[in-house]
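*Asks:* Next comes data_14.cif, mmCIF, C-alpha atoms:
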data_model
#
loop_
_atom_site.group_PDB
_atom_site.id
_atom_site.type_symbol
_atom_site.label_atom_id
_atom_site.label_comp_id
_atom_site.auth_asym_id
_atom_site.auth_seq_id
_atom_site.Cartn_x
_atom_site.Cartn_y
_atom_site.Cartn_z
ATOM 1 C CA MET A 918 147.292 -166.352 79.167
ATOM 2 C CA SER A 919 149.537 -167.173 76.223
ATOM 3 C CA GLN A 920 153.003 -165.681 76.176
ATOM 4 C CA PRO A 921 153.872 -163.063 73.521
ATOM 5 C CA LYS A 922 155.623 -164.231 70.374
ATOM 6 C CA ARG A 923 159.418 -164.281 70.464
ATOM 7 C CA ASN A 924 162.130 -164.621 67.839
ATOM 8 C CA ASN A 925 164.774 -167.335 67.592
ATOM 9 C CA GLU A 926 167.026 -165.465 70.037
ATOM 10 C CA GLY A 927 164.248 -165.113 72.583
ATOM 11 C CA PHE A 928 163.502 -161.426 72.001
ATOM 12 C CA LEU A 929 159.886 -160.288 71.869
ATOM 13 C CA GLU A 930 158.528 -159.650 68.372
ATOM 14 C CA ASN A 931 156.442 -156.777 69.692
ATOM 15 C CA ALA A 932 157.730 -154.801 72.657
ATOM 16 C CA TRP A 933 154.214 -153.627 73.539
ATOM 17 C CA GLU A 934 153.018 -157.148 74.333
ATOM 18 C CA TRP A 935 155.370 -157.267 77.304
ATOM 19 C CA THR A 936 154.094 -157.646 80.860
ATOM 20 C CA PRO A 937 156.026 -158.066 84.124
ATOM 21 C CA GLU A 938 155.062 -161.768 83.998
ATOM 22 C CA THR A 939 156.805 -162.019 80.624
ATOM 23 C CA ALA A 940 159.943 -160.670 82.282
ATOM 24 C CA SER A 941 159.818 -163.213 85.097
ATOM 25 C CA GLU A 942 159.332 -166.030 82.633
ATOM 26 C CA ILE A 943 162.219 -165.022 80.361
ATOM 27 C CA ALA A 944 164.448 -164.415 83.384
ATOM 28 C CA ARG A 945 163.706 -167.929 84.659
ATOM 29 C CA GLU A 946 165.130 -169.346 81.417
ATOM 30 C CA ASP A 947 168.394 -167.566 82.294
ATOM 31 C CA ASP A 948 168.206 -168.724 85.930
ATOM 32 C CA ILE A 949 167.730 -165.171 87.121
ATOM 33 C CA ASP A 950 165.412 -164.380 90.025
ATOM 34 C CA LEU A 951 164.184 -160.874 89.479
ATOM 35 C CA GLU A 952 164.687 -158.613 92.480
ATOM 36 C CA ASN A 953 164.269 -154.884 93.014
ATOM 37 C CA ASN A 954 167.634 -154.076 91.470
ATOM 38 C CA HIS A 955 166.641 -155.920 88.309
ATOM 39 C CA TRP A 956 163.249 -154.235 88.145
ATOM 40 C CA GLU A 957 164.871 -150.829 88.455
ATOM 41 C CA ILE A 958 166.895 -151.482 85.301
ATOM 42 C CA ILE A 959 163.956 -153.095 83.506
ATOM 43 C CA SER A 960 161.740 -150.122 84.203
ATOM 44 C CA PHE A 961 164.505 -147.778 83.028
ATOM 45 C CA LEU A 962 164.735 -149.756 79.761
ATOM 46 C CA ARG A 963 160.954 -149.755 79.273
ATOM 47 C CA GLY A 964 160.881 -146.001 79.760
ATOM 48 C CA PHE A 965 163.795 -145.526 77.414
ATOM 49 C CA TYR A 966 162.047 -147.546 74.739
ATOM 50 C CA ARG A 967 158.782 -145.635 75.157
ATOM 51 C CA GLU A 968 160.626 -142.393 74.611
ATOM 52 C CA HIS A 969 163.149 -143.337 71.944
ATOM 53 C CA GLU A 970 161.733 -146.432 70.228
ATOM 54 C CA MET A 971 165.123 -148.086 70.416
ATOM 55 C CA SER A 972 167.151 -150.341 72.651
ATOM 56 C CA PRO A 973 170.501 -149.061 73.825
ATOM 57 C CA PRO A 974 172.400 -150.091 70.674
ATOM 58 C CA SER A 975 175.379 -151.680 72.384
ATOM 59 C CA ASN A 976 176.617 -152.838 75.743
ATOM 60 C CA ARG A 977 178.834 -149.801 76.230
ATOM 61 C CA LEU A 978 175.961 -147.481 75.441
ATOM 62 C CA PHE A 979 173.669 -149.439 77.759
ATOM 63 C CA VAL A 980 176.126 -148.856 80.596
ATOM 64 C CA LYS A 981 176.422 -145.207 79.587
ATOM 65 C CA ALA A 982 172.659 -144.683 79.579
ATOM 66 C CA VAL A 983 172.215 -146.356 82.974
ATOM 67 C CA LYS A 984 175.007 -144.186 84.358
ATOM 68 C CA GLU A 985 173.322 -141.085 83.027
ATOM 69 C CA HIS A 986 170.016 -142.112 84.573
ATOM 70 C CA LEU A 987 170.891 -143.880 87.831
ATOM 71 C CA GLY A 988 174.424 -142.730 88.543
ATOM 72 C CA GLU A 989 177.895 -144.225 88.673
ATOM 73 C CA ASP A 990 177.052 -146.938 91.260
ATOM 74 C CA LYS A 991 174.679 -148.682 88.896
ATOM 75 C CA GLY A 992 175.969 -147.438 85.572
ATOM 76 C CA ASN A 993 179.010 -149.666 85.511
ATOM 77 C CA SER A 994 179.566 -152.932 83.722
ATOM 78 C CA ILE A 995 180.347 -155.019 86.819
ATOM 79 C CA TYR A 996 177.081 -154.120 88.516
ATOM 80 C CA LEU A 997 175.087 -154.768 85.353
ATOM 81 C CA MET A 998 176.974 -157.963 84.572
ATOM 82 C CA ARG A 999 176.044 -159.341 88.031
ATOM 83 C CA LEU A 1000 172.380 -158.572 87.470
ATOM 84 C CA PHE A 1001 172.233 -159.636 83.841
ATOM 85 C CA PRO A 1002 174.929 -162.219 83.096
ATOM 86 C CA GLY A 1003 176.289 -162.785 79.612
ATOM 87 C CA THR A 1004 176.122 -159.603 77.599
ATOM 88 C CA PRO A 1005 174.183 -157.367 80.005
ATOM 89 C CA ALA A 1006 172.555 -155.241 77.288
ATOM 90 C CA LYS A 1007 171.272 -158.314 75.463
ATOM 91 C CA THR A 1008 170.119 -160.153 78.569
ATOM 92 C CA ALA A 1009 168.438 -157.082 80.052
ATOM 93 C CA CYS A 1010 166.727 -156.072 76.787
ATOM 94 C CA ARG A 1011 165.443 -159.605 76.295
ATOM 95 C CA ILE A 1012 163.940 -159.654 79.778
ATOM 96 C CA ALA A 1013 162.541 -156.133 79.413
ATOM 97 C CA GLY A 1014 160.872 -157.093 76.138
ATOM 98 C CA LEU A 1015 162.938 -154.735 73.982
ATOM 99 C CA PRO A 1016 164.394 -155.552 70.557
ATOM 100 C CA ARG A 1017 167.874 -157.008 70.360
ATOM 101 C CA PRO A 1018 170.578 -154.320 70.631
ATOM 102 C CA THR A 1019 171.689 -153.692 67.065
ATOM 103 C CA ASN A 1020 175.317 -152.901 67.517
ATOM 104 C CA CYS A 1021 178.053 -155.391 68.296
ATOM 105 C CA LEU A 1022 180.325 -153.041 70.254
ATOM 106 C CA MET B 1470 194.952 -127.834 55.670
ATOM 107 C CA MET B 1471 194.685 -129.572 52.299
ATOM 108 C CA THR B 1472 191.621 -131.729 51.894
ATOM 109 C CA LEU B 1473 191.303 -134.270 49.109
ATOM 110 C CA HIS B 1474 187.676 -134.545 48.040
ATOM 111 C CA ILE B 1475 186.863 -137.841 46.366
ATOM 112 C CA LEU B 1476 183.534 -137.593 44.581
ATOM 113 C CA ASN B 1477 181.787 -140.620 43.099
ATOM 114 C CA LYS B 1478 178.241 -139.293 42.591
ATOM 115 C CA SER B 1479 176.782 -138.290 39.232
ATOM 116 C CA PRO B 1480 175.998 -134.594 38.716
ATOM 117 C CA GLU B 1481 172.292 -135.280 39.314
ATOM 118 C CA HIS B 1482 172.911 -136.544 42.822
ATOM 119 C CA PRO B 1483 172.292 -133.928 45.541
ATOM 120 C CA ARG B 1484 175.634 -134.711 47.114
ATOM 121 C CA PHE B 1485 177.420 -133.482 43.976
ATOM 122 C CA ARG B 1486 176.561 -129.896 44.868
ATOM 123 C CA LEU B 1487 177.337 -130.499 48.533
ATOM 124 C CA CYS B 1488 180.827 -131.600 47.582
ATOM 125 C CA LEU B 1489 181.525 -128.710 45.199
ATOM 126 C CA GLU B 1490 180.529 -126.227 47.907
ATOM 127 C CA ALA B 1491 182.986 -127.821 50.284
ATOM 128 C CA VAL B 1492 186.038 -127.597 48.006
ATOM 129 C CA GLY B 1493 188.303 -124.824 49.258
ATOM 130 C CA ASP B 1494 191.064 -123.004 47.393
ATOM 131 C CA ALA B 1495 193.799 -125.185 48.840
ATOM 132 C CA ASP B 1496 191.874 -128.407 48.242
ATOM 133 C CA GLN B 1497 191.954 -131.011 45.504
ATOM 134 C CA LEU B 1498 189.021 -132.643 43.789
ATOM 135 C CA LEU B 1499 189.210 -136.148 42.364
ATOM 136 C CA LEU B 1500 186.310 -137.461 40.297
ATOM 137 C CA ILE B 1501 185.801 -141.212 40.301
ATOM 138 C CA GLU B 1502 183.069 -143.642 39.245
ATOM 139 C CA ASN B 1503 179.899 -141.823 38.107
ATOM 140 C CA ALA B 1504 181.261 -138.406 39.017
ATOM 141 C CA VAL B 1505 183.460 -138.462 35.904
ATOM 142 C CA LEU B 1506 180.241 -138.043 33.889
ATOM 143 C CA ALA B 1507 180.271 -134.407 35.008
ATOM 144 C CA LEU B 1508 183.114 -133.830 32.556
ATOM 145 C CA SER B 1509 180.776 -134.434 29.639
ATOM 146 C CA VAL B 1510 178.057 -132.086 30.884
ATOM 147 C CA GLU B 1511 178.315 -128.548 29.627
ATOM 148 C CA GLY B 1512 177.918 -125.722 32.094
ATOM 149 C CA ILE B 1513 179.100 -127.475 35.235
ATOM 150 C CA LYS B 1514 181.725 -125.306 36.814
ATOM 151 C CA LEU B 1515 184.251 -127.368 38.721
ATOM 152 C CA PRO B 1516 186.624 -125.686 41.160
ATOM 153 C CA GLY B 1517 190.380 -125.519 40.554
ATOM 154 C CA ARG B 1518 192.385 -128.126 38.731
ATOM 155 C CA ILE B 1519 190.355 -131.284 38.256
ATOM 156 C CA MET B 1520 191.562 -134.847 38.450
ATOM 157 C CA ALA B 1521 189.684 -137.903 37.308
ATOM 158 C CA LEU B 1522 190.378 -141.595 37.504
ATOM 159 C CA ALA B 1523 191.463 -142.768 34.047
ATOM 160 C CA SER B 1524 189.862 -146.208 34.300
ATOM 161 C CA ASP B 1525 186.499 -144.684 35.187
ATOM 162 C CA LEU B 1526 186.745 -142.255 32.268
ATOM 163 C CA ASP B 1527 187.584 -145.113 29.901
ATOM 164 C CA ALA B 1528 184.857 -147.346 31.279
ATOM 165 C CA ARG B 1529 182.225 -144.728 30.547
ATOM 166 C CA GLY B 1530 183.683 -143.531 27.260
ATOM 167 C CA VAL B 1531 184.217 -140.018 28.563
ATOM 168 C CA SER B 1532 187.071 -138.194 26.866
ATOM 169 C CA VAL B 1533 188.738 -135.161 28.400
ATOM 170 C CA ASP B 1534 190.978 -132.373 27.213
ATOM 171 C CA GLY B 1535 194.203 -131.158 28.765
ATOM 172 C CA SER B 1536 192.430 -129.231 31.502
ATOM 173 C CA VAL B 1537 191.770 -132.470 33.351
ATOM 174 C CA ASP B 1538 194.436 -134.719 34.848
ATOM 175 C CA ALA B 1539 193.564 -138.334 34.207
ATOM 176 C CA ILE B 1540 195.292 -140.296 36.942
ATOM 177 C CA HIS B 1541 195.643 -143.970 37.844
ATOM 178 C CA TYR B 1542 195.214 -145.819 41.106
ATOM 179 C CA ASP B 1543 198.802 -145.243 42.192
ATOM 180 C CA GLY B 1544 198.257 -141.525 41.686
ATOM 181 C CA MET B 1545 195.116 -141.694 43.773
ATOM 182 C CA VAL B 1546 197.003 -143.356 46.604
ATOM 183 C CA ALA B 1547 199.735 -140.717 46.441
ATOM 184 C CA LEU B 1548 197.130 -137.953 46.565
ATOM 185 C CA ALA B 1549 195.427 -139.461 49.601
ATOM 186 C CA ALA B 1550 198.742 -139.897 51.357
ATOM 187 C CA ALA B 1551 199.683 -136.262 50.739
ATOM 188 C CA ALA B 1552 196.365 -134.854 51.966
ATOM 189 C CA ASP B 1553 195.754 -133.709 55.540
ATOM 190 C CA ARG B 1554 192.192 -134.910 55.314
ATOM 191 C CA VAL B 1555 190.216 -137.010 52.851
ATOM 192 C CA ILE B 1556 186.475 -136.704 52.400
ATOM 193 C CA SER B 1557 184.725 -139.411 50.402
ATOM 194 C CA TRP B 1558 181.478 -137.934 49.170
ATOM 195 C CA MET C 491 189.712 -136.461 67.009
ATOM 196 C CA SER C 492 186.396 -134.923 66.108
ATOM 197 C CA VAL C 493 184.117 -136.385 63.511
ATOM 198 C CA LEU C 494 181.330 -134.787 61.535
ATOM 199 C CA ILE C 495 178.833 -137.117 59.924
ATOM 200 C CA ILE C 496 176.720 -135.550 57.192
ATOM 201 C CA ILE C 497 173.234 -136.881 56.524
ATOM 202 C CA ASP C 498 171.818 -135.648 53.215
ATOM 203 C CA GLN C 499 169.214 -138.318 52.557
ATOM 204 C CA ALA C 500 165.616 -138.227 53.690
ATOM 205 C CA PRO C 501 164.618 -140.649 56.444
ATOM 206 C CA TYR C 502 162.708 -143.910 55.820
ATOM 207 C CA GLY C 503 163.377 -144.200 52.051
ATOM 208 C CA ASN C 504 166.589 -146.145 52.509
ATOM 209 C CA TRP C 505 168.977 -147.311 55.197
ATOM 210 C CA SER C 506 171.852 -144.931 54.623
ATOM 211 C CA GLY C 507 170.838 -142.522 57.361
ATOM 212 C CA ARG C 508 170.360 -145.333 59.847
ATOM 213 C CA GLU C 509 173.836 -146.541 59.032
ATOM 214 C CA ALA C 510 175.187 -143.054 59.628
ATOM 215 C CA LEU C 511 173.441 -142.925 62.991
ATOM 216 C CA ASP C 512 174.842 -146.339 63.844
ATOM 217 C CA MET C 513 178.329 -145.112 63.016
ATOM 218 C CA ALA C 514 177.824 -142.069 65.216
ATOM 219 C CA LEU C 515 176.645 -144.231 68.103
ATOM 220 C CA SER C 516 179.640 -146.526 67.720
ATOM 221 C CA LEU C 517 181.979 -143.553 67.988
ATOM 222 C CA ALA C 518 180.061 -142.253 70.993
ATOM 223 C CA ALA C 519 180.334 -145.675 72.643
ATOM 224 C CA PHE C 520 184.091 -145.133 72.685
ATOM 225 C CA ASP C 521 183.765 -141.534 73.840
ATOM 226 C CA GLN C 522 184.911 -140.093 70.523
ATOM 227 C CA PRO C 523 183.493 -136.620 69.886
ATOM 228 C CA VAL C 524 181.008 -136.887 67.054
ATOM 229 C CA SER C 525 178.451 -134.515 65.567
ATOM 230 C CA LEU C 526 175.680 -135.008 63.042
ATOM 231 C CA LEU C 527 174.916 -132.441 60.354
ATOM 232 C CA PHE C 528 171.617 -132.567 58.486
ATOM 233 C CA VAL C 529 171.540 -130.971 55.036
ATOM 234 C CA GLY C 530 169.307 -131.158 51.968
ATOM 235 C CA ALA C 531 166.572 -133.767 52.271
ATOM 236 C CA GLY C 532 168.338 -135.014 55.378
ATOM 237 C CA ILE C 533 166.828 -132.097 57.274
ATOM 238 C CA ASN C 534 163.580 -134.053 57.464
ATOM 239 C CA TRP C 535 165.125 -136.291 60.096
ATOM 240 C CA LEU C 536 164.749 -133.462 62.559
ATOM 241 C CA ARG C 537 161.005 -132.840 62.300
ATOM 242 C CA LYS C 538 159.237 -133.030 65.619
ATOM 243 C CA GLN C 539 156.016 -134.681 64.456
ATOM 244 C CA GLN C 540 156.750 -138.010 62.837
ATOM 245 C CA ASN C 541 154.558 -141.065 63.040
ATOM 246 C CA PRO C 542 156.133 -143.848 60.998
ATOM 247 C CA ALA C 543 154.175 -146.613 62.749
ATOM 248 C CA PRO C 544 151.882 -147.088 59.714
ATOM 249 C CA ILE C 545 154.931 -147.816 57.541
ATOM 250 C CA GLN C 546 156.328 -150.188 60.159
ATOM 251 C CA GLN C 547 159.349 -148.112 61.044
ATOM 252 C CA LYS C 548 160.691 -146.517 64.187
ATOM 253 C CA GLY C 549 160.675 -142.744 64.534
ATOM 254 C CA VAL C 550 164.079 -141.388 63.575
ATOM 255 C CA ASN C 551 163.326 -138.229 65.558
ATOM 256 C CA ARG C 552 162.906 -140.330 68.707
ATOM 257 C CA ASN C 553 166.046 -142.292 67.920
ATOM 258 C CA LEU C 554 167.934 -139.033 67.552
ATOM 259 C CA ALA C 555 166.674 -137.691 70.860
ATOM 260 C CA GLY C 556 168.072 -140.899 72.345
ATOM 261 C CA ALA C 557 171.364 -140.364 70.576
ATOM 262 C CA THR C 558 172.241 -137.328 72.637
ATOM 263 C CA VAL C 559 171.854 -139.435 75.797
ATOM 264 C CA PHE C 560 174.648 -141.618 74.427
ATOM 265 C CA GLY C 561 177.036 -138.733 74.009
ATOM 266 C CA ILE C 562 176.587 -137.526 70.444
ATOM 267 C CA GLU C 563 177.762 -133.960 70.866
ATOM 268 C CA GLU C 564 175.827 -131.883 68.377
ATOM 269 C CA LEU C 565 172.816 -132.195 66.129
ATOM 270 C CA LEU C 566 173.253 -129.516 63.477
ATOM 271 C CA ALA C 567 170.661 -128.289 60.997
ATOM 272 C CA ASP C 568 171.603 -126.436 57.822
ATOM 273 C CA GLN C 569 169.762 -123.115 57.499
ATOM 274 C CA ASP C 570 169.251 -123.402 53.717
ATOM 275 C CA ALA C 571 167.733 -126.853 54.051
ATOM 276 C CA LEU C 572 165.321 -125.588 56.704
ATOM 277 C CA GLN C 573 164.208 -122.841 54.388
ATOM 278 C CA ARG C 574 163.808 -125.192 51.454
ATOM 279 C CA TYR C 575 161.508 -127.463 53.417
ATOM 280 C CA GLY C 576 159.640 -124.615 55.081
ATOM 281 C CA LEU C 577 160.824 -125.490 58.557
ATOM 282 C CA GLY C 578 161.554 -123.199 61.476
ATOM 283 C CA ALA C 579 163.333 -123.793 64.770
ATOM 284 C CA GLU C 580 159.968 -124.515 66.398
ATOM 285 C CA ASP C 581 159.399 -127.480 64.067
ATOM 286 C CA LEU C 582 162.595 -129.238 65.118
ATOM 287 C CA LEU C 583 163.225 -131.602 67.970
ATOM 288 C CA ASP C 584 164.909 -130.238 71.066
ATOM 289 C CA GLY C 585 168.629 -129.734 71.200
ATOM 290 C CA VAL C 586 169.202 -129.019 67.506
ATOM 291 C CA ALA C 587 171.527 -126.138 66.658
ATOM 292 C CA ILE C 588 170.972 -124.224 63.428
ATOM 293 C CA THR C 589 174.085 -123.617 61.384
ATOM 294 C CA HIS C 590 175.202 -122.831 57.879
ATOM 295 C CA TYR C 591 176.788 -125.437 55.661
ATOM 296 C CA ASP C 592 180.050 -124.123 54.267
ATOM 297 C CA GLN C 593 183.795 -124.676 54.193
ATOM 298 C CA ASP C 594 184.294 -122.896 57.523
ATOM 299 C CA LEU C 595 181.923 -125.260 59.263
ATOM 300 C CA LEU C 596 183.658 -128.340 57.855
ATOM 301 C CA ALA C 597 187.055 -126.946 58.853
ATOM 302 C CA ASN C 598 186.134 -127.516 62.518
ATOM 303 C CA TYR C 599 186.294 -131.269 62.128
ATOM 304 C CA LEU C 600 189.247 -133.552 61.656
ATOM 305 C CA HIS C 601 187.147 -136.145 59.866
ATOM 306 C CA VAL C 602 184.126 -135.588 57.678
ATOM 307 C CA VAL C 603 182.033 -138.557 56.653
ATOM 308 C CA CYS C 604 179.135 -138.740 54.238
ATOM 309 C CA GLN C 605 177.157 -141.948 54.371
#
Show me, as structure tokens, the structure contained in the file I just sent.

*Replies:*
Amino acid sequence: MSQPKRNNEGFLENAWEWTPETASEIAREDDIDLENNHWEIISFLRGFYREHEMSPPSNRLFVKAVKEHLGEDKGNSIYLMRLFPGTPAKTACRIAGLPRPTNCL
Amino acid sequence: MMTLHILNKSPEHPRFRLCLEAVGDADQLLLIENAVLALSVEGIKLPGRIMALASDLDARGVSVDGSVDAIHYDGMVALAAAADRVISW
Amino acid sequence: MSVLIIIDQAPYGNWSGREALDMALSLAAFDQPVSLLFVGAGINWLRKQQNPAPIQQKGVNRNLAGATVFGIEELLADQDALQRYGLGAEDLLDGVAITHYDQDLLANYLHVVCQ
């Protein structure tokens, strides 16, 4: 099966074309092996997008939303940074097939 | 609390009314850019003593009588500095 | 510091409302108390049933419902604007408080911003 179309930063053009295989493939490019902890965040992001049609706009708000949803243990930047290196919101949204977070903060 | 309201929308813009409703007795209203056009429209009731930016009046060929204070940029800065709060409409 | 951001433009026609929402989210990201007030044509942001997919846009109502997750404190709807557009509380998305736009309302905020 052909992979969904992506933009020059590696984000999916259409979030609805995403499948779990897409996630594994994008994660491989970042040398990330997806484990349960990753999938928990990915499924949170997918659900968030279904409901609100937006990515968490910034890294701080990504952390805030995870905290709200999964509690303090997971809603902190160190935890998320370990799972999704770089800028966690960007890395996680890319893997979860969401648009690029819009806000630089 | 003295609020300086800086309005730059023409009288036809919906925000023009929004601004006028927000101007309290202790507040000041400064018209700049297209808002100065309001001074050439009859029947618009502006609250209190009105100020307008002289360069914007000149640019649009709007002349005013003594009831309006035409001020310059330095005056605008002084007004903003003296206000407790500034709202740019 | 508390900030009130006023949205008086209808959704979808231009970007000004989106920019206002972005500003609100940026403040919320730094835990600054921020509220959004919808007046005039801006009231149409708050309608429950919006399907902008055919015009290739994202639903601002859904975005707004997400905004409260990020810590935006209040979504306020002006009573007069509701009346003008024939809307009642039941037509609005959840979590919106109905208020009346006047000087007393604005006096509650240290900063008032109109995008």

*Asks:* Translate the PyMOL selection byres ((chain B and resi 1504) around 12) into a concrete residue list for this structure, as a PyMOL selection string.

*Replies:* chain B and resi 1474-1486+1488-1489+1498-1503+1505-1510+1513+1515+1519-1522+1525-1526+1529+1531+1557-1558

*Asks:* How many Å lie between CA of Val1492 in chain B and CA of Lys1514 in chain B, rounded to one decimal?

*Replies:*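 Between these atoms lies a distance of 12.2 Å.
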
*Asks:* Can you list, as a list in words, the residues that the PyMOL selection byres ((chain A) within 10 of (chain C)) selects here?

*Replies:*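 Expected selection for the PyMOL selection byres ((chain A) within 10 of (chain C)) here is Phe965, Tyr966, Arg967, Glu968, His969, Glu970, Met971, Ser972, Pro973, Pro974, Ser975, Asn976, Arg977, Leu978, Phe979, Val980, Lys981, Ala982, Val983, Glu985, His986, Thr1019, Asn1020, Cys1021 and Leu1022 of chain A.
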
*Asks:* Given the file above and the PyMOL selection byres ((chain C and resi 588) around 10), which residues are selected, and can you give them as a ChimeraX atom specification?

*Replies:* /C:527-528,565-570,572,578-579,582,585-587,589-591

*Asks:* Using all atoms listed in the file, which chain C residues lie at most 12 Å away from chain B, written as a ChimeraX atom specification?

*Replies:* /C:493-500,528-532,568,570-571,590-605

*Asks:* Which distance in Å separates CA of Asp948 in chain A and CA of Asn993 in chain A, to one decimal?

*Replies:*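 CA of Asn993 in chain A lies 21.9 Å from CA of Asp948 in chain A.
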